[in-house]
Amino acid sequence: MNTILIFIIVMVAISVIGFRYRLPPFFTLVGGAIAFGLLIGTDPDTVFQQVAMGCASIFNSLGIPILAGSVIAKYLAEQGLIQQIVSDLKTLLKRPPSLAGIAGYLIAVPSTCPITAFIILTPVIEFFTSDEKKRSLLIYLVAIGSVLGVAYVYPTPVTYTLFDAFAPDFSPLIYNLVAIPLSLAFIGSLIWYVRRQCNFADITNEQIGYKREEGTLHLRAWAPFLVILLAIPVGYLLLGLTHAGLLQFIMIAGMITAVATARQDIRWSGWVLGAKHAGVVIFDICGAGALGYIIQQSSFPADASILLATSLPVFLFPFVLAALIQTAQGSRIVTSYLTAQVLATTVIPSMLNPLALFLMIIGGAGLICFVTDPYFWLLHRTTGDDVKTVFKRYTVPQIIFGLATYLVALLIQFLMPVI
């Protein structure tokens, strides 16, 4: 059977089974990997070895960063330091919509998971107002902000995967100088829209659950983030670390800081909670590694390249492929990894500016965040909104942002082509 047809069948099966039976992504992704391998004719022993190797490759590169991010987030939450961070942000971001969107954006990056940031911040946001509409809009801003932070800012599992696969020597600074303003423009436009919908003047500073002392800055709450930022030039310029080494270095530094500055009575509980949450995230992504590795070892990349090259412009291929994978399984991290695995075996990356290629994939990964996206259903449960409302407030903005990102990528490719 044609590998492309098998790929489509497996992706549809993953989507339908995951949605219908609410299975954890690890089961659907590993099951899809096994099914794909067997259907293309690989012998069972090789299939199961490839599953293990694919899982191991993900754990090797992203295991420590995800663990570190989760541990940092849990230590902050356990000590009530998230409220202090929000309080500090409120001195700069006076309006609640700005505060909600930017807090989601900032907390998501070191935690490496938008849902982690959402879970941490939602209880704080719910104190802001008793008005259900206003609270709901603020919760959506937290969600979109957290998604944009993880999807666009280096280093996160989404962006690191692309650097590692396509351009290990490409400067993270150059990338962030483009990606961060672009993503902030997106969240800024949504904040502006929400402010037009409601008047948030009734929300006071004390409603965040922490009364701020004027002139104070809670350095202990910000310490892990500051160390992560300071560790980037140290690792990159002084130690000469590669992208792979730099990501491990800065996240370990942030985690050590969180542990060192934590109260003694919560050091063990914070670690346990962080490790527990990280384990779920890591193994779900390892499932993607298994599927990606088996696909990479097959003839699918070559078959897909031939088919799409004859039917799509080369500049559209990464965007469409990422959108299809995202629609099938719902995780941006998984989409980034699988798209990178497929494209890495083709000549397409060598034909594109790395920055444009990264943005094409990121834009495609944000195009259809709907029924297979676990975040969609988390918002559905948290806000109590119907599916149509969640689609309007969560999915539609990301469709717009995804298309805009692709257009920016095309402009970069046009102005600075790499042949």
# chains A, B, ... in the order shown; residues from 1 in each chain; ligands from 1
>>> closest_atom_pairs(of="stretch 338-360 of chain A", to="stretch 289-302 of chain A", cutoff="7 Å", atoms="only C-alpha atoms", output="tab-separated table")
residue	atom	partner	partner_atom	distance
A:Leu338	CA	A:Gly292	CA	5.1
A:Gln341	CA	A:Gln296	CA	6.0
A:Val342	CA	A:Pro301	CA	5.2
A:Leu343	CA	A:Pro301	CA	7.0
A:Thr345	CA	A:Pro301	CA	6.4
A:Thr346	CA	A:Ala302	CA	6.8
>>> residues_around(residues="stretch 156-169 of chain A", least_positions_apart="4", cutoff="8 Å", atoms="only C-alpha atoms", output="count of residues only")
20
>>> residues_around(residues="A:Ala253", least_positions_apart="3", cutoff="12 Å", atoms="only C-alpha atoms", output="JSON, numbers by chain")
{"A": [64, 65, 68, 69, 72, 110, 223, 224, 225, 226, 227, 228, 229, 230, 231, 232, 234, 235, 246, 247, 248, 249, 250, 256, 257, 258, 259, 260]}
>>> residues_around(residues="A:Leu106", least_positions_apart="2", cutoff="10 Å", atoms="only C-alpha atoms", output="MDAnalysis selection string")
chainID A and resid 101:104 108:111 117 145:146 148:150 153 225
>>> write_last_selection(atoms="C-alpha atoms", output="compact mmCIF listing (two decimals), in the first residue's frame")
# COMPACT_ATOMS: atom_id res chain seq x y z
CA GLY A 101 -2.22 38.05 27.86
CA ILE A 102 1.38 38.98 28.72
CA ALA A 103 1.43 36.90 31.92
CA GLY A 104 0.33 33.85 29.93
CA ALA A 108 4.58 29.68 29.26
CA VAL A 109 8.11 30.09 27.89
CA PRO A 110 10.11 28.70 30.86
CA SER A 111 7.43 26.12 31.67
CA ALA A 117 0.98 28.28 32.32
CA GLY A 145 -0.75 34.33 25.20
CA SER A 146 0.64 31.05 26.52
CA LEU A 148 2.11 32.22 21.36
CA GLY A 149 4.93 32.15 23.91
CA VAL A 150 5.59 28.44 23.44
CA VAL A 153 9.97 32.12 21.44
CA PHE A 225 13.55 33.51 34.73
>>> closest_residue(among="A:Leu89, A:Ala365, A:Ala262, A:Ile400", to="A:Ser189", atoms="only C-alpha atoms")
A:Ile400
>>> atom_distance(atom1="atom CA of A:Cys369", atom2="atom CA of A:Thr28")
17.8 Å
>>> closest_residue(among="A:Cys55, A:Ala33, A:Ile40, A:Ile325", to="A:Asp284", atoms="only C-alpha atoms")
A:Cys55
>>> select_by_dssp(residues="stretch 216-369 of chain A", states="alpha helix (DSSP H)", output="ChimeraX atom specification")
/A:219-233,243-261,267-297,300-311,317-329,332-343,348-351,354-365
>>> atom_distance(atom1="atom CA of A:Arg196", atom2="atom CA of A:Ser183")
20.2 Å
>>> atom_distance(atom1="atom CA of A:Asn176", atom2="atom CA of A:Ala356")
12.7 Å
>>> residues_around(residues="A:Trp192", least_positions_apart="2", cutoff="12 Å", atoms="only C-alpha atoms", output="VMD selection string")
chain A and resid 95 to 98 101 137 141 184 to 190 194 to 199
>>> residues_around(residues="A:Leu352", least_positions_apart="2", cutoff="8 Å", atoms="only C-alpha atoms", output="PyMOL selection string")
chain A and resi 315+348-350+354+356-357+413+417-419
>>> closest_residue(among="A:Leu410, A:Leu415, A:Leu378, A:Leu29", to="A:Gly54", atoms="only C-alpha atoms")
A:Leu29
>>> closest_residue(among="A:Val314, A:Leu39, A:Tyr175, A:Tyr140", to="A:Ile191", atoms="only C-alpha atoms")
A:Tyr140
>>> decode(residues="stretch 232-368 of chain A", atoms="C-alpha atoms", output="mmCIF file, in the first residue's frame")
data_model
loop_
_atom_site.group_PDB
_atom_site.id
_atom_site.type_symbol
_atom_site.label_atom_id
_atom_site.label_comp_id
_atom_site.auth_asym_id
_atom_site.auth_seq_id
_atom_site.Cartn_x
_atom_site.Cartn_y
_atom_site.Cartn_z
ATOM 1 C CA ILE A 232 21.887 32.315 27.356
ATOM 2 C CA PRO A 233 24.813 34.678 26.617
ATOM 3 C CA VAL A 234 26.994 32.810 29.132
ATOM 4 C CA GLY A 235 26.391 29.474 27.423
ATOM 5 C CA TYR A 236 26.426 30.832 23.894
ATOM 6 C CA LEU A 237 29.330 33.300 24.063
ATOM 7 C CA LEU A 238 31.540 32.142 26.958
ATOM 8 C CA LEU A 239 31.070 28.364 26.948
ATOM 9 C CA GLY A 240 30.568 28.020 23.201
ATOM 10 C CA LEU A 241 27.628 25.650 23.610
ATOM 11 C CA THR A 242 25.646 24.317 20.680
ATOM 12 C CA HIS A 243 21.858 24.722 20.575
ATOM 13 C CA ALA A 244 21.465 21.270 22.101
ATOM 14 C CA GLY A 245 23.862 22.025 24.941
ATOM 15 C CA LEU A 246 22.571 25.564 25.461
ATOM 16 C CA LEU A 247 18.987 24.437 26.010
ATOM 17 C CA GLN A 248 20.068 21.897 28.643
ATOM 18 C CA PHE A 249 22.352 24.424 30.340
ATOM 19 C CA ILE A 250 19.902 27.300 30.699
ATOM 20 C CA MET A 251 16.992 25.135 31.861
ATOM 21 C CA ILE A 252 19.130 23.292 34.430
ATOM 22 C CA ALA A 253 20.360 26.687 35.664
ATOM 23 C CA GLY A 254 16.774 27.909 36.032
ATOM 24 C CA MET A 255 15.690 24.744 37.832
ATOM 25 C CA ILE A 256 18.618 24.885 40.262
ATOM 26 C CA THR A 257 17.739 28.503 41.017
ATOM 27 C CA ALA A 258 14.104 27.593 41.701
ATOM 28 C CA VAL A 259 15.170 24.812 44.072
ATOM 29 C CA ALA A 260 17.811 26.920 45.818
ATOM 30 C CA THR A 261 15.444 29.834 46.455
ATOM 31 C CA ALA A 262 12.464 27.680 47.496
ATOM 32 C CA ARG A 263 11.354 27.319 51.092
ATOM 33 C CA GLN A 264 12.749 24.192 52.661
ATOM 34 C CA ASP A 265 9.317 22.794 53.530
ATOM 35 C CA ILE A 266 8.158 22.656 49.890
ATOM 36 C CA ARG A 267 11.351 21.526 48.163
ATOM 37 C CA TRP A 268 10.296 17.892 48.067
ATOM 38 C CA SER A 269 6.613 18.466 47.287
ATOM 39 C CA GLY A 270 7.446 20.977 44.553
ATOM 40 C CA TRP A 271 9.829 18.524 42.957
ATOM 41 C CA VAL A 272 7.297 15.681 43.078
ATOM 42 C CA LEU A 273 4.520 17.791 41.572
ATOM 43 C CA GLY A 274 6.805 19.158 38.865
ATOM 44 C CA ALA A 275 8.221 15.752 37.973
ATOM 45 C CA LYS A 276 4.737 14.227 37.863
ATOM 46 C CA HIS A 277 3.469 16.864 35.441
ATOM 47 C CA ALA A 278 6.662 16.728 33.366
ATOM 48 C CA GLY A 279 6.375 12.953 33.014
ATOM 49 C CA VAL A 280 3.000 13.231 31.301
ATOM 50 C CA VAL A 281 4.236 15.914 28.902
ATOM 51 C CA ILE A 282 7.512 14.139 28.149
ATOM 52 C CA PHE A 283 5.953 10.769 27.377
ATOM 53 C CA ASP A 284 3.302 12.310 25.148
ATOM 54 C CA ILE A 285 6.069 13.949 23.149
ATOM 55 C CA CYS A 286 8.074 10.717 23.177
ATOM 56 C CA GLY A 287 5.080 9.130 21.463
ATOM 57 C CA ALA A 288 5.489 11.741 18.736
ATOM 58 C CA GLY A 289 9.148 10.812 18.551
ATOM 59 C CA ALA A 290 8.229 7.182 17.939
ATOM 60 C CA LEU A 291 5.833 8.074 15.133
ATOM 61 C CA GLY A 292 8.246 10.583 13.617
ATOM 62 C CA TYR A 293 11.171 8.177 13.655
ATOM 63 C CA ILE A 294 9.241 5.364 11.962
ATOM 64 C CA ILE A 295 7.938 7.775 9.310
ATOM 65 C CA GLN A 296 11.443 9.134 8.769
ATOM 66 C CA GLN A 297 12.857 5.627 8.292
ATOM 67 C CA SER A 298 10.238 4.814 5.626
ATOM 68 C CA SER A 299 9.943 6.028 2.052
ATOM 69 C CA PHE A 300 7.206 8.480 3.055
ATOM 70 C CA PRO A 301 9.415 11.622 3.049
ATOM 71 C CA ALA A 302 10.562 10.921 -0.508
ATOM 72 C CA ASP A 303 7.076 9.911 -1.669
ATOM 73 C CA ALA A 304 5.467 12.987 -0.092
ATOM 74 C CA SER A 305 8.108 15.286 -1.531
ATOM 75 C CA ILE A 306 7.525 13.988 -5.029
ATOM 76 C CA LEU A 307 3.746 14.282 -4.711
ATOM 77 C CA LEU A 308 3.676 17.732 -3.122
ATOM 78 C CA ALA A 309 6.432 19.062 -5.366
ATOM 79 C CA THR A 310 4.232 18.334 -8.366
ATOM 80 C CA SER A 311 1.105 19.834 -6.827
ATOM 81 C CA LEU A 312 2.268 22.620 -4.479
ATOM 82 C CA PRO A 313 4.834 25.419 -4.743
ATOM 83 C CA VAL A 314 7.893 24.654 -2.635
ATOM 84 C CA PHE A 315 7.150 27.721 -0.477
ATOM 85 C CA LEU A 316 3.751 26.264 0.466
ATOM 86 C CA PHE A 317 4.891 22.722 1.273
ATOM 87 C CA PRO A 318 6.164 23.251 4.885
ATOM 88 C CA PHE A 319 3.107 25.319 5.808
ATOM 89 C CA VAL A 320 0.570 22.825 4.437
ATOM 90 C CA LEU A 321 2.382 19.787 5.860
ATOM 91 C CA ALA A 322 2.495 21.354 9.339
ATOM 92 C CA ALA A 323 -1.186 22.308 9.110
ATOM 93 C CA LEU A 324 -2.178 18.747 8.154
ATOM 94 C CA ILE A 325 -0.192 17.183 10.989
ATOM 95 C CA GLN A 326 -1.529 19.734 13.485
ATOM 96 C CA THR A 327 -5.106 19.052 12.394
ATOM 97 C CA ALA A 328 -4.569 15.318 12.844
ATOM 98 C CA GLN A 329 -3.108 15.277 16.344
ATOM 99 C CA GLY A 330 -3.449 18.729 17.928
ATOM 100 C CA SER A 331 -0.076 19.321 19.625
ATOM 101 C CA ARG A 332 2.227 22.066 18.330
ATOM 102 C CA ILE A 333 5.266 20.341 19.803
ATOM 103 C CA VAL A 334 4.358 17.102 18.041
ATOM 104 C CA THR A 335 3.646 18.994 14.818
ATOM 105 C CA SER A 336 6.997 20.759 14.927
ATOM 106 C CA TYR A 337 8.853 17.511 15.502
ATOM 107 C CA LEU A 338 7.017 15.442 12.884
ATOM 108 C CA THR A 339 7.214 18.181 10.254
ATOM 109 C CA ALA A 340 10.935 18.574 10.903
ATOM 110 C CA GLN A 341 11.463 14.821 10.639
ATOM 111 C CA VAL A 342 9.669 14.646 7.291
ATOM 112 C CA LEU A 343 11.258 17.753 5.769
ATOM 113 C CA ALA A 344 14.781 16.997 7.001
ATOM 114 C CA THR A 345 15.100 14.148 4.489
ATOM 115 C CA THR A 346 14.131 16.363 1.540
ATOM 116 C CA VAL A 347 15.923 19.120 -0.371
ATOM 117 C CA ILE A 348 13.326 21.717 0.619
ATOM 118 C CA PRO A 349 15.166 23.103 3.686
ATOM 119 C CA SER A 350 18.215 23.894 1.541
ATOM 120 C CA MET A 351 16.012 25.962 -0.777
ATOM 121 C CA LEU A 352 14.621 28.219 1.941
ATOM 122 C CA ASN A 353 15.911 30.849 4.326
ATOM 123 C CA PRO A 354 15.988 29.088 7.751
ATOM 124 C CA LEU A 355 14.071 31.919 9.409
ATOM 125 C CA ALA A 356 11.368 31.762 6.734
ATOM 126 C CA LEU A 357 11.211 27.968 7.031
ATOM 127 C CA PHE A 358 10.798 28.130 10.819
ATOM 128 C CA LEU A 359 7.962 30.647 10.535
ATOM 129 C CA MET A 360 6.227 28.651 7.790
ATOM 130 C CA ILE A 361 6.112 25.593 10.045
ATOM 131 C CA ILE A 362 5.087 27.603 13.127
ATOM 132 C CA GLY A 363 2.350 29.297 11.110
ATOM 133 C CA GLY A 364 1.050 25.959 9.817
ATOM 134 C CA ALA A 365 1.151 24.461 13.313
ATOM 135 C CA GLY A 366 -1.167 27.207 14.543
ATOM 136 C CA LEU A 367 -3.631 27.066 11.669
ATOM 137 C CA ILE A 368 -6.187 24.480 12.849
#
